[in-house]
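All remarks here apply to the structure that follows.
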Amino acid sequence: MDETKSPPIDIEKTVGFLLAKAYQRACLIFKEHFEEHDLTPQQFGLLGFLWREDGLSQALLSAKSQIDRTTMGGLIDRLEKEGLVVRKTDPVDRRAYRICLTEKGKALEPLLAPLALRAQEMFIAKLEPQEVETLKSLLEKIRN
């Protein structure tokens with residue numbers, strides 16, 4: 001019987017732990033910047049996709065954001081309740097919905113986009129521009 005023990009894991013140095021803590025910090029900074037707008041990072045992300053391409057299907061939004069369909073439905077429900085988006089029947093597939101910004105939802109972009117940029121700048125403030133590019137590249141590799 002092999003009695004050799006593996007060395008104890010240094011949790012605070014694992015990639016998963018570091019990513020989780022970085023995500024927590026990003027969310028905290030986001031909440032500080034968006035406090036008065038009552039939006040979660042996920043809801044803001046959906047608005048961001050729609051500002052770029054309005055009228056995406058719920059399924060495509062789910063795929064782009066990598067959020068499961070059930071969670072996506074809840075996020076859209078909340079944005080719809082706030083009057084920021086509406087569901088419209090897809091003219092090609094009557095079983096599907098397109099998610100469309102309302103005038104209120106469209107009007108938030110010039111207000112919220114600068115807040116998001118400031119939050120992003122605060123989050124990466126300690127990094128050099130090349131480090132930011134490297135970090136993004138590495139995160140893309142891990143994500144896909």
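Identifiers in this document derive from the order of the structure tokens: chains are assigned A, B, ..., residues are numbered from 1 separately in each chain, and ligands are numbered from 1 in order of occurrence.
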Check which residues of range 91-128 of chain A sit at most 10 Å from range 24-38 of chain A using only C-alpha atoms, and return one row each with the closest pair of atoms and their distance in Å to one decimal, ordered by chain and rising number, as a tab-separated table.
residue	atom	partner	partner_atom	distance
A:Leu108	CA	A:His37	CA	9.7
A:Leu112	CA	A:Phe34	CA	8.0
A:Leu115	CA	A:His33	CA	6.3
A:Ala116	CA	A:Phe30	CA	7.3
A:Leu117	CA	A:Phe30	CA	10.0
A:Arg118	CA	A:His33	CA	8.0
A:Ala119	CA	A:Phe30	CA	5.8
A:Gln120	CA	A:Ala26	CA	8.0
A:Met122	CA	A:Ile29	CA	7.6
A:Phe123	CA	A:Ala26	CA	6.2
A:Ile124	CA	A:Ala26	CA	9.3
### Task
Tell me which of A:Val92, A:Leu39, A:Ala113, A:Val15 sits closest to Leu75 in chain A, counting only C-alpha atoms.
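For Leu75 in chain A, the nearest of the given residues is A:Leu39.
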#### Entry: Those of range 5-95 of chain A in DSSP strand (DSSP E), formatted as a PyMOL selection string
chain A and resi 56-57+85-89
### Query
If you run DSSP on the backbone, which residues of range 33-144 of chain A are helix (DSSP H, G or I), as number ranges by chain?
A: 33-37, 41-52, 58-65, 69-81, 103-107, 109-123, 129-143
### Task
Might you pull out every residue within 6 Å of range 56-72 of chain A, with only C-alpha atoms counted and same-chain residues fewer than 6 positions away left off, and present them as a count of residues only?
3
### Task
Select, from A:Lys5, A:Lys141, A:Arg52, A:Lys21, the residue with the minimum atom-to-atom distance to Cys100 in chain A, counting only C-alpha atoms.
A:Arg52
